[in-house]
file target_30.pdb (PDB, C-alpha atoms)
ATOM      1  CA  MET H   1       0.000   0.000   0.000
ATOM      2  CA  VAL H   2       1.285   3.424  -0.853
ATOM      3  CA  GLY H   3       1.848   5.721   2.103
ATOM      4  CA  ASN H   4       4.347   7.937   3.929
ATOM      5  CA  TRP H   5       7.729   6.244   4.166
ATOM      6  CA  GLY H   6       9.849   7.374   7.086
ATOM      7  CA  ALA H   7       8.999  11.064   6.707
ATOM      8  CA  PRO H   8      11.881  13.314   7.866
ATOM      9  CA  ARG H   9      11.256  15.690  10.756
ATOM     10  CA  LEU H  10      10.611  19.260   9.632
ATOM     11  CA  VAL H  11      11.847  22.316  11.530
ATOM     12  CA  ALA H  12       8.978  24.226  13.132
ATOM     13  CA  ASN H  13      10.861  27.230  14.594
ATOM     14  CA  PRO H  14      10.815  29.975  11.891
ATOM     15  CA  ALA H  15      14.147  31.511  12.931
ATOM     16  CA  VAL H  16      15.917  28.163  12.938
ATOM     17  CA  LYS H  17      14.259  27.206   9.659
ATOM     18  CA  GLN H  18      15.466  30.444   8.013
ATOM     19  CA  GLU H  19      19.017  29.800   9.185
ATOM     20  CA  LEU H  20      18.860  26.273   7.828
ATOM     21  CA  ASP H  21      17.453  27.519   4.522
ATOM     22  CA  ASP H  22      20.360  29.978   4.131
ATOM     23  CA  THR H  23      22.855  27.215   4.864
ATOM     24  CA  ARG H  24      21.134  24.822   2.459
ATOM     25  CA  ARG H  25      21.221  27.376  -0.347
ATOM     26  CA  GLN H  26      24.952  27.897   0.123
ATOM     27  CA  SER H  27      25.431  24.129   0.192
ATOM     28  CA  CYS H  28      23.299  23.755  -2.941
ATOM     29  CA  THR H  29      25.525  26.200  -4.833
ATOM     30  CA  LEU H  30      28.686  24.394  -3.751
ATOM     31  CA  LEU H  31      27.143  21.044  -4.611
ATOM     32  CA  PHE H  32      27.126  21.747  -8.337
ATOM     33  CA  VAL H  33      30.899  22.143  -8.302
ATOM     34  CA  ALA H  34      31.180  18.885  -6.370
ATOM     35  CA  VAL H  35      28.935  17.128  -8.885
ATOM     36  CA  ALA H  36      31.114  18.259 -11.786
ATOM     37  CA  ILE H  37      34.408  17.330 -10.117
ATOM     38  CA  ALA H  38      33.679  14.277  -7.999
ATOM     39  CA  VAL H  39      30.455  12.725  -9.239
ATOM     40  CA  LEU H  40      30.036  13.284 -12.947
ATOM     41  CA  ALA H  41      32.710  10.844 -14.135
ATOM     42  CA  PRO H  42      31.342   7.806 -12.262
ATOM     43  CA  LEU H  43      27.819   8.741 -13.317
ATOM     44  CA  GLN H  44      28.867   8.804 -16.965
ATOM     45  CA  LEU H  45      30.500   5.402 -16.578
ATOM     46  CA  ALA H  46      27.258   4.063 -15.103
ATOM     47  CA  ILE H  47      25.109   5.130 -18.068
ATOM     48  CA  ALA H  48      25.437   1.656 -19.607
ATOM     49  CA  GLY H  49      23.770   0.127 -16.567
ATOM     50  CA  PRO H  50      23.176   0.625 -12.856
ATOM     51  CA  ALA H  51      26.067  -0.020 -10.521
ATOM     52  CA  PRO H  52      25.683  -2.900  -8.072
ATOM     53  CA  GLU H  53      23.713  -1.769  -5.040
ATOM     54  CA  SER H  54      25.602  -1.949  -1.759
ATOM     55  CA  ALA H  55      24.023  -2.818   1.576
ATOM     56  CA  PRO H  56      21.531  -1.864   2.818
ATOM     57  CA  THR H  57      19.459  -3.027  -0.119
ATOM     58  CA  GLU H  58      16.292  -1.233   0.998
ATOM     59  CA  HIS H  59      15.847   2.534   1.170
ATOM     60  CA  GLU H  60      13.064   4.816   2.341
ATOM     61  CA  PHE H  61      12.882   6.627  -1.010
ATOM     62  CA  TYR H  62      13.169   5.635  -4.674
ATOM     63  CA  PHE H  63      13.106   8.273  -7.394
ATOM     64  CA  THR H  64      10.737   6.336  -9.644
ATOM     65  CA  ARG H  65      10.401   7.477 -13.240
ATOM     66  CA  GLY H  66       7.202   6.491 -15.020
ATOM     67  CA  ASN H  67       7.663   4.511 -18.221
ATOM     68  CA  TYR H  68       4.511   5.082 -20.257
ATOM     69  CA  GLY H  69       5.805   3.531 -23.494
ATOM     70  CA  GLY H  70       5.147   5.372 -26.731
ATOM     71  CA  ASP H  71       7.068   5.748 -29.954
ATOM     72  CA  ALA H  72      10.765   6.555 -29.801
ATOM     73  CA  ALA H  73      12.108   9.751 -31.345
ATOM     74  CA  ASP H  74      15.708  10.180 -32.566
ATOM     75  CA  TRP H  75      16.810  10.634 -28.942
ATOM     76  CA  GLY H  76      14.840   7.693 -27.561
ATOM     77  CA  PRO H  77      11.396   7.269 -25.975
ATOM     78  CA  ARG H  78       9.957  10.503 -24.597
ATOM     79  CA  TRP H  79       9.446   9.100 -21.101
ATOM     80  CA  ALA H  80      13.229   8.603 -20.923
ATOM     81  CA  ILE H  81      14.325  12.138 -21.855
ATOM     82  CA  ASP H  82      17.288  13.191 -19.626
ATOM     83  CA  PHE H  83      17.442   9.612 -18.297
ATOM     84  CA  PRO H  84      19.366   8.430 -16.357
ATOM     85  CA  LYS H  85      21.766  11.354 -15.792
ATOM     86  CA  ALA H  86      19.134  13.806 -14.528
ATOM     87  CA  ASP H  87      17.780  11.274 -12.053
ATOM     88  CA  LYS H  88      21.220  10.344 -10.729
ATOM     89  CA  GLN H  89      22.415  13.910 -10.314
ATOM     90  CA  PHE H  90      19.193  14.876  -8.574
ATOM     91  CA  LEU H  91      19.707  11.968  -6.186
ATOM     92  CA  VAL H  92      23.209  13.228  -5.393
ATOM     93  CA  ALA H  93      21.699  16.562  -4.338
ATOM     94  CA  LEU H  94      18.837  14.951  -2.438
ATOM     95  CA  THR H  95      21.105  12.753  -0.328
ATOM     96  CA  ARG H  96      23.692  15.502   0.264
ATOM     97  CA  LEU H  97      21.270  18.288   1.144
ATOM     98  CA  SER H  98      18.507  16.447   3.021
ATOM     99  CA  VAL H  99      18.095  13.559   5.449
ATOM    100  CA  VAL H 100      16.300  11.347   2.921
ATOM    101  CA  ASP H 101      17.696   7.826   2.605
ATOM    102  CA  ALA H 102      17.457   7.495  -1.173
ATOM    103  CA  PHE H 103      18.287   4.613  -3.487
ATOM    104  CA  PRO H 104      21.266   6.076  -5.398
ATOM    105  CA  ALA H 105      20.538   4.814  -8.903
ATOM    106  CA  GLU H 106      17.916   5.284 -11.573
ATOM    107  CA  HIS H 107      14.591   3.491 -11.062
ATOM    108  CA  ALA H 108      12.233   3.408 -14.044
ATOM    109  CA  LEU H 109       8.997   1.444 -13.834
ATOM    110  CA  GLU H 110       6.146   0.798 -16.265
ATOM    111  CA  ILE H 111       3.106   2.600 -14.918
ATOM    112  CA  GLN H 112       0.712  -0.249 -15.656
ATOM    113  CA  LEU H 113       2.487  -2.643 -13.270
ATOM    114  CA  ASP H 114       0.974  -3.534  -9.899
ATOM    115  CA  THR H 115       4.387  -2.968  -8.260
ATOM    116  CA  LEU H 116       4.032   0.764  -8.910
ATOM    117  CA  ARG H 117       2.125   0.927  -5.614
ATOM    118  CA  ASP H 118       5.297  -0.026  -3.744
ATOM    119  CA  TYR H 119       6.811   3.369  -4.609
ATOM    120  CA  PRO H 120       4.852   6.433  -3.446
ATOM    121  CA  PHE H 121       6.740   8.982  -5.598
ATOM    122  CA  LEU H 122       6.436   9.008  -9.400
ATOM    123  CA  TYR H 123       8.068  11.358 -11.920
ATOM    124  CA  MET H 124       6.811  11.680 -15.505
ATOM    125  CA  LEU H 125       7.797  14.102 -18.246
ATOM    126  CA  GLU H 126       7.125  14.959 -21.900
ATOM    127  CA  VAL H 127       3.454  14.271 -21.250
ATOM    128  CA  GLY H 128       2.424  16.312 -24.266
ATOM    129  CA  SER H 129       2.685  13.004 -26.105
ATOM    130  CA  LEU H 130       1.200  10.838 -23.346
ATOM    131  CA  ASP H 131      -1.251   8.257 -24.702
ATOM    132  CA  MET H 132      -2.402   5.885 -21.973
ATOM    133  CA  SER H 133      -4.314   2.702 -22.472
ATOM    134  CA  THR H 134      -7.436   2.115 -20.384
ATOM    135  CA  HIS H 135      -5.467  -0.238 -18.143
ATOM    136  CA  MET H 136      -2.675   2.310 -17.635
ATOM    137  CA  ALA H 137      -5.195   4.975 -16.690
ATOM    138  CA  GLU H 138      -6.926   2.658 -14.215
ATOM    139  CA  GLN H 139      -3.628   1.690 -12.611
ATOM    140  CA  LEU H 140      -2.470   5.294 -12.305
ATOM    141  CA  ARG H 141      -5.809   6.410 -10.873
ATOM    142  CA  SER H 142      -5.715   3.606  -8.293
ATOM    143  CA  TYR H 143      -2.113   4.508  -7.403
ATOM    144  CA  LEU H 144      -2.930   8.177  -6.805
ATOM    145  CA  LEU H 145      -6.065   7.512  -4.777
ATOM    146  CA  ALA H 146      -4.107   5.063  -2.610
ATOM    147  CA  GLY H 147      -1.675   7.831  -1.611
ATOM    148  CA  GLY H 148       0.766   8.035  -4.503
ATOM    149  CA  PHE H 149       2.243  11.379  -5.549
ATOM    150  CA  LEU H 150       2.873  12.163  -9.230
ATOM    151  CA  VAL H 151       5.229  14.967 -10.329
ATOM    152  CA  VAL H 152       4.902  16.019 -13.986
ATOM    153  CA  ASP H 153       7.618  17.987 -15.795
ATOM    154  CA  ASP H 154       8.897  19.264 -19.147
ATOM    155  CA  PHE H 155       5.955  19.890 -21.420
ATOM    156  CA  TRP H 156       5.184  23.167 -23.111
ATOM    157  CA  GLY H 157       2.472  25.233 -24.704
ATOM    158  CA  SER H 158      -1.236  24.963 -25.354
ATOM    159  CA  TRP H 159      -1.178  21.935 -27.654
ATOM    160  CA  GLU H 160       0.742  19.758 -25.195
ATOM    161  CA  TRP H 161      -1.462  20.996 -22.349
ATOM    162  CA  ASP H 162      -4.606  20.004 -24.240
ATOM    163  CA  ASN H 163      -3.291  16.465 -24.720
ATOM    164  CA  PHE H 164      -2.281  16.142 -21.078
ATOM    165  CA  ASP H 165      -5.645  17.517 -19.942
ATOM    166  CA  ALA H 166      -7.434  14.883 -22.022
ATOM    167  CA  GLN H 167      -5.263  12.138 -20.487
ATOM    168  CA  MET H 168      -5.924  13.316 -16.933
ATOM    169  CA  ARG H 169      -9.655  13.333 -17.592
ATOM    170  CA  LEU H 170      -9.379   9.600 -18.266
ATOM    171  CA  LEU H 171      -8.295   9.324 -14.627
ATOM    172  CA  PHE H 172     -10.375  12.031 -12.986
ATOM    173  CA  PRO H 173     -13.179  13.337 -15.200
ATOM    174  CA  ASP H 174     -14.648  15.229 -12.239
ATOM    175  CA  ARG H 175     -11.460  16.863 -10.918
ATOM    176  CA  GLU H 176      -9.985  20.121 -12.216
ATOM    177  CA  MET H 177      -6.320  20.986 -12.576
ATOM    178  CA  VAL H 178      -5.832  24.224 -10.650
ATOM    179  CA  ASP H 179      -2.957  26.559  -9.848
ATOM    180  CA  VAL H 180      -1.112  25.628  -6.645
ATOM    181  CA  PRO H 181      -0.781  28.784  -4.484
ATOM    182  CA  LEU H 182       2.658  29.791  -3.249
ATOM    183  CA  ASP H 183       1.538  29.359   0.372
ATOM    184  CA  HIS H 184       0.908  25.650  -0.205
ATOM    185  CA  PRO H 185       3.228  23.358   1.841
ATOM    186  CA  VAL H 186       4.888  21.992  -1.309
ATOM    187  CA  PHE H 187       6.623  25.361  -1.705
ATOM    188  CA  ASN H 188       8.099  25.382   1.801
ATOM    189  CA  ALA H 189       8.423  21.702   2.759
ATOM    190  CA  PHE H 190      12.219  22.115   2.896
ATOM    191  CA  TYR H 191      13.218  25.238   0.942
ATOM    192  CA  GLU H 192      11.238  28.467   0.871
ATOM    193  CA  ILE H 193      10.151  29.049  -2.738
ATOM    194  CA  SER H 194       8.749  32.551  -3.185
ATOM    195  CA  ASP H 195       8.309  32.615  -6.953
ATOM    196  CA  VAL H 196       7.844  30.205  -9.848
ATOM    197  CA  ILE H 197      10.742  30.443 -12.303
ATOM    198  CA  GLN H 198      10.672  29.246 -15.901
ATOM    199  CA  VAL H 199      13.563  26.793 -16.308
ATOM    200  CA  PRO H 200      14.821  26.491 -19.912
ATOM    201  CA  ASN H 201      16.356  23.535 -21.680
ATOM    202  CA  VAL H 202      20.137  23.341 -21.740
ATOM    203  CA  TYR H 203      20.541  24.810 -25.226
ATOM    204  CA  GLN H 204      18.395  27.864 -24.642
ATOM    205  CA  GLY H 205      19.686  28.352 -21.126
ATOM    206  CA  SER H 206      23.371  28.066 -21.970
ATOM    207  CA  THR H 207      23.135  30.353 -25.022
ATOM    208  CA  GLY H 208      21.071  33.064 -23.365
ATOM    209  CA  GLN H 209      18.029  32.662 -25.593
ATOM    210  CA  ALA H 210      14.396  33.081 -24.573
ATOM    211  CA  THR H 211      13.459  30.576 -21.877
ATOM    212  CA  HIS H 212      10.089  29.493 -23.311
ATOM    213  CA  GLU H 213       9.193  26.860 -25.906
ATOM    214  CA  TYR H 214       6.270  27.082 -28.364
ATOM    215  CA  ASP H 215       3.594  29.338 -26.852
ATOM    216  CA  GLY H 216       4.460  28.346 -23.283
ATOM    217  CA  TYR H 217       5.481  31.820 -22.205
ATOM    218  CA  VAL H 218       4.606  31.552 -18.503
ATOM    219  CA  ALA H 219       5.684  28.780 -16.134
ATOM    220  CA  ARG H 220       2.843  27.372 -14.052
ATOM    221  CA  VAL H 221       2.672  24.957 -11.139
ATOM    222  CA  ARG H 222      -0.732  23.309 -11.181
ATOM    223  CA  GLY H 223      -2.221  20.339  -9.390
ATOM    224  CA  ILE H 224      -4.994  17.825  -8.838
ATOM    225  CA  PHE H 225      -6.222  17.409  -5.258
ATOM    226  CA  ASP H 226      -8.092  14.543  -3.618
ATOM    227  CA  ASP H 227     -11.242  14.889  -1.505
ATOM    228  CA  ASP H 228      -9.178  15.567   1.629
ATOM    229  CA  GLY H 229      -7.179  18.369   0.001
ATOM    230  CA  ARG H 230      -4.022  16.309  -0.537
ATOM    231  CA  LEU H 231      -2.063  17.226  -3.641
ATOM    232  CA  MET H 232      -2.011  14.013  -5.720
ATOM    233  CA  VAL H 233      -0.576  15.367  -8.992
ATOM    234  CA  LEU H 234       1.858  18.273  -9.193
ATOM    235  CA  ILE H 235       2.237  19.680 -12.700
ATOM    236  CA  ASN H 236       5.238  21.747 -13.810
ATOM    237  CA  TRP H 237       4.055  23.255 -17.102
ATOM    238  CA  ASN H 238       6.129  25.454 -19.424
ATOM    239  CA  THR H 239       9.338  24.605 -17.603
ATOM    240  CA  ASP H 240      12.042  21.914 -17.636
ATOM    241  CA  LEU H 241      13.397  21.052 -14.199
ATOM    242  CA  GLY H 242      14.911  17.799 -15.467
ATOM    243  CA  ASP H 243      17.289  19.588 -17.846
ATOM    244  CA  ALA H 244      18.498  21.776 -14.986
ATOM    245  CA  TRP H 245      19.202  18.663 -12.909
ATOM    246  CA  GLU H 246      20.998  17.010 -15.803
ATOM    247  CA  TRP H 247      23.071  20.022 -16.830
ATOM    248  CA  ALA H 248      23.968  21.545 -13.451
ATOM    249  CA  ASP H 249      27.579  20.723 -14.355
ATOM    250  CA  HIS H 250      27.425  22.635 -17.685
ATOM    251  CA  PRO H 251      29.701  25.704 -17.332
ATOM    252  CA  GLN H 252      27.378  27.941 -19.376
ATOM    253  CA  TYR H 253      24.072  26.820 -17.874
ATOM    254  CA  PRO H 254      22.944  29.527 -15.405
ATOM    255  CA  LEU H 255      23.244  28.526 -11.777
ATOM    256  CA  LYS H 256      19.982  30.258 -10.847
ATOM    257  CA  PHE H 257      18.009  27.749 -12.908
ATOM    258  CA  SER H 258      19.789  24.695 -11.500
ATOM    259  CA  THR H 259      19.529  25.968  -7.919
ATOM    260  CA  TYR H 260      15.800  26.594  -8.267
ATOM    261  CA  ALA H 261      15.208  23.216  -9.949
ATOM    262  CA  TYR H 262      17.050  21.284  -7.235
ATOM    263  CA  GLU H 263      15.280  23.164  -4.459
ATOM    264  CA  MET H 264      11.886  22.548  -6.039
ATOM    265  CA  GLY H 265      12.674  18.878  -6.601
ATOM    266  CA  ILE H 266      13.761  18.333  -3.012
ATOM    267  CA  ASN H 267      10.581  20.056  -1.830
ATOM    268  CA  PHE H 268       8.534  17.685  -3.989
ATOM    269  CA  VAL H 269      10.171  14.664  -2.381
ATOM    270  CA  ILE H 270       9.788  15.941   1.186
ATOM    271  CA  TYR H 271       6.150  16.867   0.551
ATOM    272  CA  GLY H 272       5.376  13.524  -1.069
ATOM    273  CA  MET H 273       6.834  11.652   1.911
ATOM    274  CA  SER H 274       5.364  13.837   4.610
ATOM    275  CA  PHE H 275       1.811  14.797   3.664
TER     276      PHE H 275
END
call {"tool": "encode", "arguments": {"input": "target_30.pdb", "output": "structure tokens"}}
result
Amino acid sequence: MVGNWGAPRLVANPAVKQELDDTRRQSCTLLFVAVAIAVLAPLQLAIAGPAPESAPTEHEFYFTRGNYGGDAADWGPRWAIDFPKADKQFLVALTRLSVVDAFPAEHALEIQLDTLRDYPFLYMLEVGSLDMSTHMAEQLRSYLLAGGFLVVDDFWGSWEWDNFDAQMRLLFPDREMVDVPLDHPVFNAFYEISDVIQVPNVYQGSTGQATHEYDGYVARVRGIFDDDGRLMVLINWNTDLGDAWEWADHPQYPLKFSTYAYEMGINFVIYGMSF
């Protein structure tokens, strides 16, 4: 059964929390240098396959990427964009900057499998081309209603939104996707996020071009809530957090985008495990 797995303790004292946030931001900036120098080479060597897992073999958190199938483009299937480098580098940040005991390697899983319910956090991207079967939709709906938390990323513009909206209505025809207000706990579960930033892909970000793609001019964080007010689906639209995770080591990719993307991602994990 999906549920909260070993949720970390959060700091309640505002003054202490602010001090911790300042320290975490400094650590987050320094982390990107550490990733480039000490982590990137072994990660690149591991692209061909996951490294053997050392004891303990069980962890409280798995960064599970949803494999929804689909046709492959020149760069591979859309569900696997930025995979596995983005996932691995995000996990480096998560384990260095938080108290989460995370499985250190990539973890992709087909969303129609019953075992999906063993992993309460699910990440899916490029959903502008999502085309679920009836069985997939039923499995994903059951997963979310049982306590699962889905984070959606990297899709842009009105056409891709329309497709994603149609897919979500297969799951929840009676639930609307609404903007998540900045005072929602997902924006302060670990880091204080005061504004939604549009995160560009690596090419546009590193060359100083406009940050948007297609007609996706404004980044939005939207969501689907259950009957008790729990955020089941968090939707990052007109933004690409995964590219910022993957290319934090790129010397021309702006640090402000990577810092924001890592902070948001860590908040997603803490929220998903705690609420």
call {"tool": "closest_atom_pairs", "arguments": {"input": "target_30.pdb", "of": "segment 207-245 of chain H", "to": "segment 118-139 of chain H", "cutoff": "10 Å", "atoms": "all atoms listed in the file", "output": "CSV"}}
result
residue,atom,partner,partner_atom,distance
H:Val233,CA,H:Leu122,CA,9.5
H:Leu234,CA,H:Tyr123,CA,9.7
H:Ile235,CA,H:Leu125,CA,9.6
H:Asn236,CA,H:Leu125,CA,9.2
H:Trp237,CA,H:Val127,CA,9.9
H:Asp240,CA,H:Leu125,CA,8.9
H:Leu241,CA,H:Leu125,CA,9.8
H:Gly242,CA,H:Leu125,CA,8.5
call {"tool": "closest_residue", "arguments": {"input": "target_30.pdb", "among": "H:Ala93, H:Tyr62, H:Asp249, H:Leu140", "to": "His107 of chain H", "atoms": "only C-alpha atoms"}}
result
H:Tyr62
call {"tool": "resolve_selection", "arguments": {"input": "target_30.pdb", "expression": "the PyMOL selection byres ((chain H and resi 194-197) around 12)", "output": "PyMOL selection string"}}
result
chain H and resi 179-188+191-193+198-200+211-212+217-222+236-241+244+256-261+263-264
call {"tool": "atom_distance", "arguments": {"input": "target_30.pdb", "atom1": "atom CA of Glu176 of chain H", "atom2": "atom CA of Ala108 of chain H"}}
result
27.9 Å
call {"tool": "atom_distance", "arguments": {"input": "target_30.pdb", "atom1": "atom CA of Ile270 of chain H", "atom2": "atom CA of Ala80 of chain H"}}
result
23.5 Å
call {"tool": "resolve_selection", "arguments": {"input": "target_30.pdb", "expression": "the PyMOL selection byres ((chain H and resi 157) around 6)", "output": "list of chain:residue names"}}
result
H:Trp156, H:Ser158, H:Trp159, H:Glu160, H:Tyr214, H:Asp215, H:Gly216
call {"tool": "closest_residue", "arguments": {"input": "target_30.pdb", "among": "H:Leu145, H:Leu94, H:Ala105, H:Leu116", "to": "Asp228 of chain H", "atoms": "only C-alpha atoms"}}
result
H:Leu145
call {"tool": "closest_residue", "arguments": {"input": "target_30.pdb", "among": "H:Phe275, H:Gly66, H:Ile111, H:Phe190", "to": "Val99 of chain H", "atoms": "only C-alpha atoms"}}
result
H:Phe190
call {"tool": "residues_around", "arguments": {"input": "target_30.pdb", "residues": "Asp87 of chain H", "least_positions_apart": "4", "cutoff": "9 Å", "atoms": "only C-alpha atoms", "output": "PyMOL selection string"}}
result
chain H and resi 63-65+82-83+91-92+105-107+242+245-246
call {"tool": "closest_residue", "arguments": {"input": "target_30.pdb", "among": "H:Gly223, H:Gly208, H:Pro77, H:Gly272", "to": "Asp153 of chain H", "atoms": "all atoms listed in the file"}}
result
H:Gly223
call {"tool": "atom_distance", "arguments": {"input": "target_30.pdb", "atom1": "atom CA of Pro104 of chain H", "atom2": "atom CA of Gly265 of chain H"}}
result
15.5 Å
call {"tool": "closest_residue", "arguments": {"input": "target_30.pdb", "among": "H:Arg117, H:Phe268, H:Asp226, H:Ser206", "to": "Leu255 of chain H", "atoms": "only C-alpha atoms"}}
result
H:Ser206
call {"tool": "closest_residue", "arguments": {"input": "target_30.pdb", "among": "H:Gln252, H:Glu60, H:Tyr203, H:Arg78", "to": "Thr95 of chain H", "atoms": "only C-alpha atoms"}}
result
H:Glu60
call {"tool": "decode", "arguments": {"input": "target_30.pdb", "residues": "segment 238-255 of chain H", "atoms": "N, CA and C atoms", "output": "PDB file, in the first residue's frame"}}
result
ATOM      1  N   ASN H 238       5.326  24.392 -18.810  1.00  0.00           N
ATOM      2  CA  ASN H 238       6.129  25.454 -19.424  1.00  0.00           C
ATOM      3  C   ASN H 238       7.433  25.668 -18.668  1.00  0.00           C
ATOM      4  N   THR H 239       8.057  24.567 -18.301  1.00  0.00           N
ATOM      5  CA  THR H 239       9.338  24.605 -17.603  1.00  0.00           C
ATOM      6  C   THR H 239       9.997  23.239 -17.705  1.00  0.00           C
ATOM      7  N   ASP H 240      11.292  23.164 -17.440  1.00  0.00           N
ATOM      8  CA  ASP H 240      12.042  21.914 -17.636  1.00  0.00           C
ATOM      9  C   ASP H 240      13.033  21.716 -16.494  1.00  0.00           C
ATOM     10  N   LEU H 241      12.533  21.269 -15.353  1.00  0.00           N
ATOM     11  CA  LEU H 241      13.397  21.052 -14.199  1.00  0.00           C
ATOM     12  C   LEU H 241      14.422  19.957 -14.467  1.00  0.00           C
ATOM     13  N   GLY H 242      14.020  18.928 -15.215  1.00  0.00           N
ATOM     14  CA  GLY H 242      14.911  17.799 -15.467  1.00  0.00           C
ATOM     15  C   GLY H 242      16.183  18.195 -16.200  1.00  0.00           C
ATOM     16  N   ASP H 243      16.090  19.138 -17.154  1.00  0.00           N
ATOM     17  CA  ASP H 243      17.289  19.588 -17.846  1.00  0.00           C
ATOM     18  C   ASP H 243      18.228  20.319 -16.893  1.00  0.00           C
ATOM     19  N   ALA H 244      17.660  21.070 -15.961  1.00  0.00           N
ATOM     20  CA  ALA H 244      18.498  21.776 -14.986  1.00  0.00           C
ATOM     21  C   ALA H 244      19.197  20.795 -14.047  1.00  0.00           C
ATOM     22  N   TRP H 245      18.528  19.691 -13.697  1.00  0.00           N
ATOM     23  CA  TRP H 245      19.202  18.663 -12.909  1.00  0.00           C
ATOM     24  C   TRP H 245      20.337  18.037 -13.722  1.00  0.00           C
ATOM     25  N   GLU H 246      20.021  17.717 -14.963  1.00  0.00           N
ATOM     26  CA  GLU H 246      20.998  17.010 -15.803  1.00  0.00           C
ATOM     27  C   GLU H 246      22.215  17.869 -16.130  1.00  0.00           C
ATOM     28  N   TRP H 247      21.999  19.155 -16.330  1.00  0.00           N
ATOM     29  CA  TRP H 247      23.071  20.022 -16.830  1.00  0.00           C
ATOM     30  C   TRP H 247      23.564  21.009 -15.788  1.00  0.00           C
ATOM     31  N   ALA H 248      23.421  20.688 -14.508  1.00  0.00           N
ATOM     32  CA  ALA H 248      23.968  21.545 -13.451  1.00  0.00           C
ATOM     33  C   ALA H 248      25.482  21.677 -13.570  1.00  0.00           C
ATOM     34  N   ASP H 249      26.134  20.702 -14.188  1.00  0.00           N
ATOM     35  CA  ASP H 249      27.579  20.723 -14.355  1.00  0.00           C
ATOM     36  C   ASP H 249      28.034  21.472 -15.612  1.00  0.00           C
ATOM     37  N   HIS H 250      27.082  21.935 -16.448  1.00  0.00           N
ATOM     38  CA  HIS H 250      27.425  22.635 -17.685  1.00  0.00           C
ATOM     39  C   HIS H 250      27.933  24.037 -17.332  1.00  0.00           C
ATOM     40  N   PRO H 251      29.134  24.414 -17.767  1.00  0.00           N
ATOM     41  CA  PRO H 251      29.701  25.704 -17.332  1.00  0.00           C
ATOM     42  C   PRO H 251      28.930  26.924 -17.800  1.00  0.00           C
ATOM     43  N   GLN H 252      28.140  26.792 -18.878  1.00  0.00           N
ATOM     44  CA  GLN H 252      27.378  27.941 -19.376  1.00  0.00           C
ATOM     45  C   GLN H 252      25.894  27.915 -18.966  1.00  0.00           C
ATOM     46  N   TYR H 253      25.479  26.869 -18.284  1.00  0.00           N
ATOM     47  CA  TYR H 253      24.072  26.820 -17.874  1.00  0.00           C
ATOM     48  C   TYR H 253      23.914  27.622 -16.590  1.00  0.00           C
ATOM     49  N   PRO H 254      23.025  28.635 -16.560  1.00  0.00           N
ATOM     50  CA  PRO H 254      22.944  29.527 -15.405  1.00  0.00           C
ATOM     51  C   PRO H 254      22.622  28.807 -14.101  1.00  0.00           C
ATOM     52  N   LEU H 255      23.387  29.160 -13.077  1.00  0.00           N
ATOM     53  CA  LEU H 255      23.244  28.526 -11.777  1.00  0.00           C
ATOM     54  C   LEU H 255      21.867  28.778 -11.168  1.00  0.00           C
TER      55      LEU H 255
END
